[in-house]
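File shown: protein02.txt (compact mmCIF, C-alpha atoms and all ligand atoms).
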# COMPACT_ATOMS: atom_id res chain seq x y z
CA MET A 19 8.70 -2.23 29.78
CA LEU A 20 11.38 -1.38 27.19
CA LYS A 21 14.92 -2.63 27.51
CA ILE A 22 17.60 -1.82 24.98
CA GLU A 23 20.94 -3.56 25.48
CA ASN A 24 24.19 -2.92 23.68
CA LEU A 25 22.39 -2.00 20.47
CA HIS A 26 24.64 -1.63 17.46
CA VAL A 27 23.17 -0.61 14.11
CA ARG A 28 24.48 0.24 10.69
CA VAL A 29 22.83 1.15 7.44
CA GLU A 30 22.70 -1.85 5.11
CA ASP A 31 25.64 -1.87 2.69
CA GLU A 32 27.66 0.57 4.75
CA GLU A 33 30.57 -0.07 7.07
CA ARG A 34 30.02 2.75 9.51
CA GLU A 35 27.96 2.07 12.61
CA ILE A 36 25.33 4.70 13.40
CA LEU A 37 24.36 3.32 16.80
CA ARG A 38 27.39 2.09 18.71
CA GLY A 39 26.14 0.32 21.81
CA ILE A 40 22.96 1.86 23.22
CA ASP A 41 21.72 0.79 26.65
CA LEU A 42 18.40 2.12 27.84
CA GLU A 43 15.73 0.90 30.19
CA VAL A 44 12.30 2.53 30.32
CA GLY A 45 9.78 1.54 32.96
CA ALA A 46 5.99 1.92 33.00
CA GLY A 47 4.86 5.42 33.90
CA GLU A 48 8.21 6.99 33.04
CA VAL A 49 8.94 9.76 30.58
CA HIS A 50 12.43 9.69 29.11
CA ALA A 51 13.95 12.36 26.90
CA ILE A 52 16.68 11.50 24.45
CA MET A 53 18.55 14.55 23.31
CA GLY A 54 21.51 15.11 21.11
CA PRO A 55 22.98 17.07 18.25
CA ASN A 56 21.99 16.56 14.62
CA GLY A 57 23.32 13.33 13.19
CA SER A 58 23.83 11.64 16.56
CA GLY A 59 21.48 8.77 15.69
CA LYS A 60 18.22 9.83 17.33
CA SER A 61 15.98 9.15 14.35
CA THR A 62 17.82 5.92 13.57
CA LEU A 63 16.92 4.68 17.06
CA SER A 64 13.25 5.45 16.44
CA TYR A 65 13.38 3.66 13.06
CA ILE A 66 14.86 0.56 14.67
CA LEU A 67 12.08 0.53 17.26
CA ALA A 68 9.56 0.90 14.44
CA GLY A 69 11.09 -1.91 12.39
CA ARG A 70 11.96 0.10 9.33
CA ASP A 71 13.85 -1.66 6.51
CA GLY A 72 17.33 -0.70 5.45
CA TYR A 73 19.12 -1.03 8.78
CA GLU A 74 21.17 -3.91 10.05
CA ILE A 75 21.38 -4.71 13.74
CA THR A 76 24.90 -5.97 14.23
CA ASP A 77 24.72 -6.57 17.98
CA GLY A 78 22.51 -6.20 21.02
CA SER A 79 18.82 -6.64 21.78
CA VAL A 80 15.56 -4.81 22.37
CA THR A 81 12.91 -6.36 24.56
CA TYR A 82 9.41 -5.02 25.12
CA ASN A 83 7.46 -6.51 28.03
CA GLY A 84 9.92 -9.39 27.97
CA GLU A 85 9.47 -10.13 24.26
CA ASP A 86 12.03 -9.67 21.52
CA LEU A 87 10.79 -6.50 19.84
CA LEU A 88 13.21 -6.80 16.92
CA ASP A 89 11.66 -10.13 16.05
CA MET A 90 8.17 -8.66 15.68
CA GLU A 91 6.71 -7.28 12.44
CA PRO A 92 5.87 -3.55 12.49
CA ASP A 93 2.11 -4.27 12.68
CA GLU A 94 2.64 -6.70 15.56
CA ARG A 95 4.56 -4.00 17.38
CA ALA A 96 1.66 -1.61 16.91
CA ALA A 97 -0.91 -4.18 18.00
CA SER A 98 1.06 -4.88 21.15
CA GLY A 99 0.90 -1.22 22.10
CA VAL A 100 3.97 0.42 20.60
CA PHE A 101 3.30 3.80 19.02
CA LEU A 102 5.86 5.77 17.03
CA ALA A 103 5.55 9.31 15.79
CA PHE A 104 8.07 10.29 13.19
CA GLN A 105 9.91 13.41 12.42
CA TYR A 106 8.28 13.56 8.99
CA PRO A 107 4.67 12.33 9.15
CA ILE A 108 3.35 10.85 5.92
CA GLU A 109 0.50 12.36 3.92
CA ILE A 110 -2.33 10.11 2.77
CA PRO A 111 -4.36 11.83 0.06
CA GLY A 112 -7.95 10.60 -0.27
CA VAL A 113 -8.14 9.14 3.23
CA ALA A 114 -9.94 11.27 5.79
CA THR A 115 -8.28 11.48 9.20
CA MET A 116 -11.36 9.97 10.88
CA GLN A 117 -11.33 7.02 8.48
CA PHE A 118 -7.62 6.51 8.99
CA LEU A 119 -8.06 6.40 12.75
CA LYS A 120 -10.86 3.88 12.37
CA VAL A 121 -8.76 1.54 10.23
CA ALA A 122 -5.78 1.87 12.56
CA LEU A 123 -7.82 1.17 15.69
CA SER A 124 -9.82 -1.67 14.10
CA SER A 125 -6.76 -3.50 12.85
CA GLN A 126 -5.05 -3.21 16.22
CA ARG A 127 -8.12 -4.38 18.09
CA LYS A 128 -8.48 -7.28 15.68
CA ALA A 129 -4.85 -8.30 16.14
CA ARG A 130 -5.46 -8.34 19.89
CA GLY A 131 -8.59 -10.45 19.48
CA GLU A 132 -10.90 -7.63 20.54
CA GLY A 133 -14.20 -6.95 18.81
CA GLU A 134 -14.73 -4.06 16.44
CA LEU A 135 -16.23 -0.86 17.85
CA SER A 136 -19.53 0.18 16.32
CA THR A 137 -19.33 3.31 14.17
CA PRO A 138 -21.27 5.45 16.67
CA ASP A 139 -19.06 4.25 19.53
CA PHE A 140 -15.97 4.96 17.49
CA MET A 141 -17.19 8.44 16.53
CA ARG A 142 -17.96 9.20 20.15
CA LEU A 143 -14.53 8.05 21.20
CA VAL A 144 -12.71 10.18 18.62
CA ARG A 145 -14.88 13.25 19.17
CA GLY A 146 -14.28 13.01 22.90
CA LYS A 147 -10.52 12.75 22.51
CA ALA A 148 -10.48 15.50 19.89
CA GLU A 149 -12.30 17.82 22.23
CA GLN A 150 -10.00 16.99 25.10
CA LEU A 151 -6.95 17.74 22.95
CA LYS A 152 -8.51 20.82 21.29
CA VAL A 153 -8.45 19.26 17.83
CA ASN A 154 -10.81 21.00 15.46
CA GLN A 155 -13.59 18.65 14.29
CA ASP A 156 -13.06 19.89 10.72
CA MET A 157 -9.60 18.42 10.72
CA LEU A 158 -11.07 14.95 11.15
CA LYS A 159 -12.71 15.22 7.72
CA ARG A 160 -9.56 16.33 5.93
CA PRO A 161 -7.18 13.80 4.31
CA VAL A 162 -4.41 12.68 6.66
CA ASN A 163 -1.72 15.35 6.91
CA VAL A 164 -2.44 16.72 3.43
CA GLY A 165 -1.94 20.46 3.55
CA PHE A 166 -1.71 20.37 7.34
CA SER A 167 0.48 22.99 8.97
CA GLY A 168 3.29 21.81 11.20
CA GLY A 169 1.09 22.39 14.24
CA GLU A 170 -1.87 20.51 12.71
CA LYS A 171 0.33 17.53 11.91
CA LYS A 172 1.44 17.44 15.52
CA ARG A 173 -2.17 17.67 16.70
CA ALA A 174 -3.16 14.81 14.38
CA GLU A 175 -0.31 12.72 15.72
CA ILE A 176 -1.26 13.33 19.34
CA LEU A 177 -4.90 12.54 18.54
CA GLN A 178 -3.83 9.28 16.94
CA MET A 179 -1.91 8.45 20.09
CA ALA A 180 -4.90 9.29 22.29
CA VAL A 181 -7.24 7.08 20.25
CA LEU A 182 -4.90 4.10 20.05
CA GLU A 183 -3.97 4.26 23.76
CA PRO A 184 -0.53 2.70 23.32
CA SER A 185 1.54 1.55 26.28
CA LEU A 186 4.85 2.71 24.83
CA CYS A 187 5.04 5.98 22.90
CA VAL A 188 8.16 7.02 21.04
CA LEU A 189 8.01 10.54 19.65
CA ASP A 190 10.75 11.75 17.35
CA GLU A 191 10.51 15.50 17.30
CA THR A 192 11.54 17.56 14.37
CA ASP A 193 14.99 19.13 14.61
CA SER A 194 14.02 22.45 13.15
CA GLY A 195 11.03 24.57 12.42
CA LEU A 196 8.99 23.36 15.36
CA ASP A 197 7.41 26.59 16.45
CA ILE A 198 6.32 27.36 19.98
CA ASP A 199 2.68 26.52 19.21
CA ALA A 200 3.56 23.11 17.82
CA LEU A 201 5.83 22.54 20.79
CA ARG A 202 3.00 23.31 23.19
CA ILE A 203 0.64 20.97 21.33
CA VAL A 204 3.06 18.09 21.62
CA ALA A 205 3.82 18.88 25.23
CA ASP A 206 0.17 19.26 26.27
CA GLY A 207 -0.69 16.04 24.45
CA VAL A 208 2.14 14.12 26.07
CA ASN A 209 1.28 15.51 29.48
CA ALA A 210 -2.40 14.66 29.05
CA LEU A 211 -1.54 11.08 28.11
CA ARG A 212 0.99 10.50 30.88
CA SER A 213 -0.18 7.60 32.98
CA PRO A 214 1.25 5.05 35.42
CA ASP A 215 0.94 2.22 32.90
CA ARG A 216 2.28 4.09 29.89
CA ALA A 217 5.90 4.86 29.07
CA MET A 218 7.07 7.64 26.80
CA VAL A 219 10.33 8.30 25.03
CA VAL A 220 10.58 11.81 23.64
CA ILE A 221 13.44 12.27 21.20
CA THR A 222 14.42 15.83 20.55
CA HIS A 223 17.19 18.11 19.47
CA TYR A 224 15.36 20.97 20.98
CA GLN A 225 15.94 21.65 24.68
CA ARG A 226 12.98 24.05 24.80
CA LEU A 227 10.54 21.16 24.50
CA LEU A 228 11.58 20.04 27.97
CA GLU A 229 10.38 23.28 29.49
CA TYR A 230 6.90 21.97 28.70
CA ILE A 231 7.39 18.25 29.16
CA VAL A 232 9.15 17.53 32.42
CA PRO A 233 10.90 14.19 31.89
CA ASP A 234 11.83 11.75 34.64
CA HIS A 235 15.09 10.91 32.91
CA VAL A 236 17.24 12.65 30.32
CA HIS A 237 19.83 10.94 28.12
CA VAL A 238 22.35 12.59 25.87
CA LEU A 239 23.05 10.78 22.62
CA SER A 240 26.23 11.66 20.80
CA ARG A 241 27.69 9.81 17.82
CA GLY A 242 25.58 6.76 18.42
CA ARG A 243 26.16 6.38 22.15
CA ILE A 244 24.41 7.55 25.29
CA VAL A 245 27.18 9.60 26.85
CA ARG A 246 25.29 10.91 29.84
CA SER A 247 22.06 10.21 31.73
CA GLY A 248 20.47 12.23 34.47
CA GLY A 249 17.29 13.74 35.79
CA LYS A 250 15.35 16.71 34.47
CA GLU A 251 18.06 19.11 35.60
CA LEU A 252 20.30 17.72 32.84
CA ALA A 253 18.00 19.31 30.26
CA LEU A 254 18.52 22.71 31.84
CA GLU A 255 22.24 22.24 31.87
CA LEU A 256 22.16 21.35 28.17
CA GLU A 257 20.14 24.42 27.41
CA LYS A 258 22.83 26.51 29.03
CA ASP A 259 25.97 24.74 27.83
CA GLY A 260 24.95 22.98 24.60
CA TYR A 261 26.26 19.69 23.29
CA ALA A 262 29.87 20.59 22.46
CA ALA A 263 31.44 18.90 25.49
CA TYR A 264 29.68 15.63 24.70
CA GLU A 265 30.75 15.53 21.07
CA GLU A 266 34.38 15.39 22.10
CA GLN A 267 33.64 12.75 24.69
CA ALA A 268 31.97 10.42 22.16
CA ALA A 269 34.70 10.70 19.52
N1 LIG A 301 19.67 5.50 5.45
C1 LIG A 301 20.83 6.08 5.73
N2 LIG A 301 21.86 6.05 4.85
C2 LIG A 301 23.05 6.62 5.15
N3 LIG A 301 23.31 7.28 6.28
C3 LIG A 301 22.34 7.36 7.20
C4 LIG A 301 21.04 6.77 6.97
N4 LIG A 301 20.27 7.01 8.06
C5 LIG A 301 21.03 7.73 8.91
N5 LIG A 301 22.27 7.93 8.38
C6 LIG A 301 23.36 8.68 9.04
O1 LIG A 301 23.40 8.31 10.39
C7 LIG A 301 23.67 9.42 11.23
C8 LIG A 301 22.56 9.59 12.23
O2 LIG A 301 21.37 10.03 11.59
P1 LIG A 301 20.00 10.29 12.35
O3 LIG A 301 19.62 9.06 13.08
O4 LIG A 301 19.02 10.83 11.37
O5 LIG A 301 20.43 11.42 13.37
P2 LIG A 301 19.55 12.49 14.20
O6 LIG A 301 18.12 12.10 14.12
O7 LIG A 301 20.13 12.42 15.57
O8 LIG A 301 19.81 13.83 13.57
C9 LIG A 301 23.85 10.61 10.31
O9 LIG A 301 25.22 10.77 10.08
C10 LIG A 301 23.13 10.17 9.05
O10 LIG A 301 23.70 10.77 7.92
MG MG A 302 16.38 13.06 13.55
Let me see the structure of the file written as structure tokens.
Ligand SMILES: Nc1ncnc2c1ncn2[C@@H]1O[C@H](COP(=O)(O)OP(=O)(O)O)[C@@H](O)[C@H]1O
Ligand SMILES: [Mg+2]
Amino acid sequence: MLKIENLHVRVEDEEREILRGIDLEVGAGEVHAIMGPNGSGKSTLSYILAGRDGYEITDGSVTYNGEDLLDMEPDERAASGVFLAFQYPIEIPGVATMQFLKVALSSQRKARGEGELSTPDFMRLVRGKAEQLKVNQDMLKRPVNVGFSGGEKKRAEILQMAVLEPSLCVLDETDSGLDIDALRIVADGVNALRSPDRAMVVITHYQRLLEYIVPDHVHVLSRGRIVRSGGKELALELEKDGYAAYEEQAA
């Protein structure tokens, strides 16, 4: 589904490469965890997949279902089923969460040539998903992320994912301050949305997350390179031994 080959990236106007040759293949139904110390390039990888400005791809390719992902506009990526959750979700004052979800779903359906859902059908859909994910109905009326606690932001993000039903989910988890409740919310959401035709890439600094989400594959990113890949047992090893050995290896 997702194939990253020899990806090299630098920040525009800077010499230094942040990603220095990433290779990664993610198949349908798989959950991959990308772990690594602060500054290793985890968020940069998620920004590249999202199509954020300010980065220059100096080599390599990213294909999604056989298409050149890097050649697609961010909204095309979303419409074709790519969902990205960022480390720092944006706040949208004046736009209720329900309304935001409606606009997001409508524009994606439109881009795919699907008809618009009627308001009652849409409400039913969101209420159903909210209930399933234990999202308080009150939250749906509040402006997107405004004044949300860390845990509420995570819940809103997972709800968004559930409503949009993407085929590739990339979640960049916060490096600090993610409390155990927020961790559980993300993990429960990811686990609930696991499916044979959906792939997930969970990016995290925090080994604890993988006690709740059991990944099929784990990759260690260090200084812009994947220095080790393995199964779920690699996460346990990292929890015990930390990242120090890999930092030397990547230098
Ligand atoms: N826009 C930018 N301008 C300058 N340096 C950047 C920019 N984005 C990322 N970097 C640098 O690239 C490295 C990787 O950052 P990042 O991808 O945020 O790492 P991680 O998410 O693994 O902590 C860091 O050294 C960071 O300072
Ligand atoms: Mg980061």
For Ile198 in chain A: contacts at 9 Å, all atoms listed in the file, fewer than 5 positions along chain excluded, given as a compact mmCIF listing (two decimals) with C-alpha atoms, keeping the file's coordinate frame:
# COMPACT_ATOMS: atom_id res chain seq x y z
CA ILE A 203 0.64 20.97 21.33
CA ARG A 226 12.98 24.05 24.80
CA LEU A 227 10.54 21.16 24.50
* If you count only C-alpha atoms and all ligand atoms, which residues end up within 9 Å of ligand LIG 301 (chain A), as a PyMOL selection string? -> chain A and resi 28-30+32+34-37+53-65+72-73+105+190-193+221-223+239-242
* To do: Identify which of the residues A:Ile110, A:Phe118, A:Ile244, A:Arg130 lies closest to Asp93 in chain A, counting all atoms listed in the file when measuring atom-to-atom distances.
  =>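 The closest residue to Asp93 in chain A is A:Arg130.
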* To do: Could you please determine the separation between CA of Asn154 in chain A and CA of Asp206 in chain A in Å, to one decimal place?
  =>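 Distance reported for this atom pair: 15.5 Å.
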* Would you list the contacts of Asn209 in chain A as a PyMOL selection string, taking every protein, DNA or RNA residue within 9 Å and counting all atoms listed in the file, but skipping same-chain residues closer than 4 positions in sequence? => chain A and resi 204-205+213+230-232
* Using all atoms listed in the file: which of A:Thr115, A:Thr137, A:Gln150, A:Ser124 has the shortest distance to Asn163 in chain A -> A:Thr115
* **CA of Gln178 in chain A to CA of Met116 in chain A, distance in Å rounded to a single decimal** => 9.7 Å
* Asked: A:Tyr264, A:Gly133, A:Glu229, A:Val113: which is nearest Lys250 in chain A, counting only C-alpha atoms?
  -> A:Glu229
* Identify, on the basis of all atoms listed in the file, every residue whose closest approach to range 76-82 of chain A does not exceed 8 Å; exclude the query and any residue fewer than 6 positions from it along the same chain; express the result as a ChimeraX atom specification. => /A:19-28,39,88
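Our summary of the geometry notes that CA of Lys159 in chain A is positioned 22.8 Å from CA of Leu102 in chain A.
Between ligand MG 302 (chain A) and the residues A:Ala103, A:Ala253, A:Ala114, A:Arg202, the shortest atom-to-atom distance, using only C-alpha atoms and all ligand atoms, involves A:Ala103.
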* Asked: Given the choices A:Glu74, A:Arg160, A:Tyr106, A:Arg246, which gets closest to ligand MG 302 (chain A) if the distance is worked out from only C-alpha atoms and all ligand atoms?
  -> A:Tyr106
* To do: May I have the protein, DNA and RNA residues with an atom at most 10 Å from (-3.2, 4.2, 17.4), counting only C-alpha atoms in the file's coordinates, returned as a list in words?
  =>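 Within the cut-off we find Ala96, Ala97, Gly99, Val100, Phe101, Leu102, Phe118, Leu119, Lys120, Val121, Ala122, Leu123, Ser124, Ser125, Gln126, Arg127, Glu175, Ile176, Leu177, Gln178, Met179, Ala180, Val181, Leu182, Glu183 and Pro184 of chain A.
Comparing A:Met90, A:Ile52, A:Val236, A:Lys171 by their smallest distance to ligand MG 302 (chain A), the closest is A:Ile52 (using only C-alpha atoms and all ligand atoms).
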* To do: Can you pull out every residue within 6 Å of Ala217 in chain A, counting only C-alpha atoms, but drop anything in the same chain fewer than 2 positions away, and send it as a ChimeraX atom specification?
  => /A:46-49,186
* Shell of 12 Å around Glu91 in chain A, all atoms listed in the file, local chain residues under 6 positions omitted, as a VMD selection string -> chain A and resid 66 to 71 97 to 98 100
* **Residue list as JSON, numbers by chain for point (0.1, 21.7, 18.1), cut-off 6 Å, all atoms listed in the file** => {"A": [169, 170, 172, 173, 199, 200, 203, 204]}
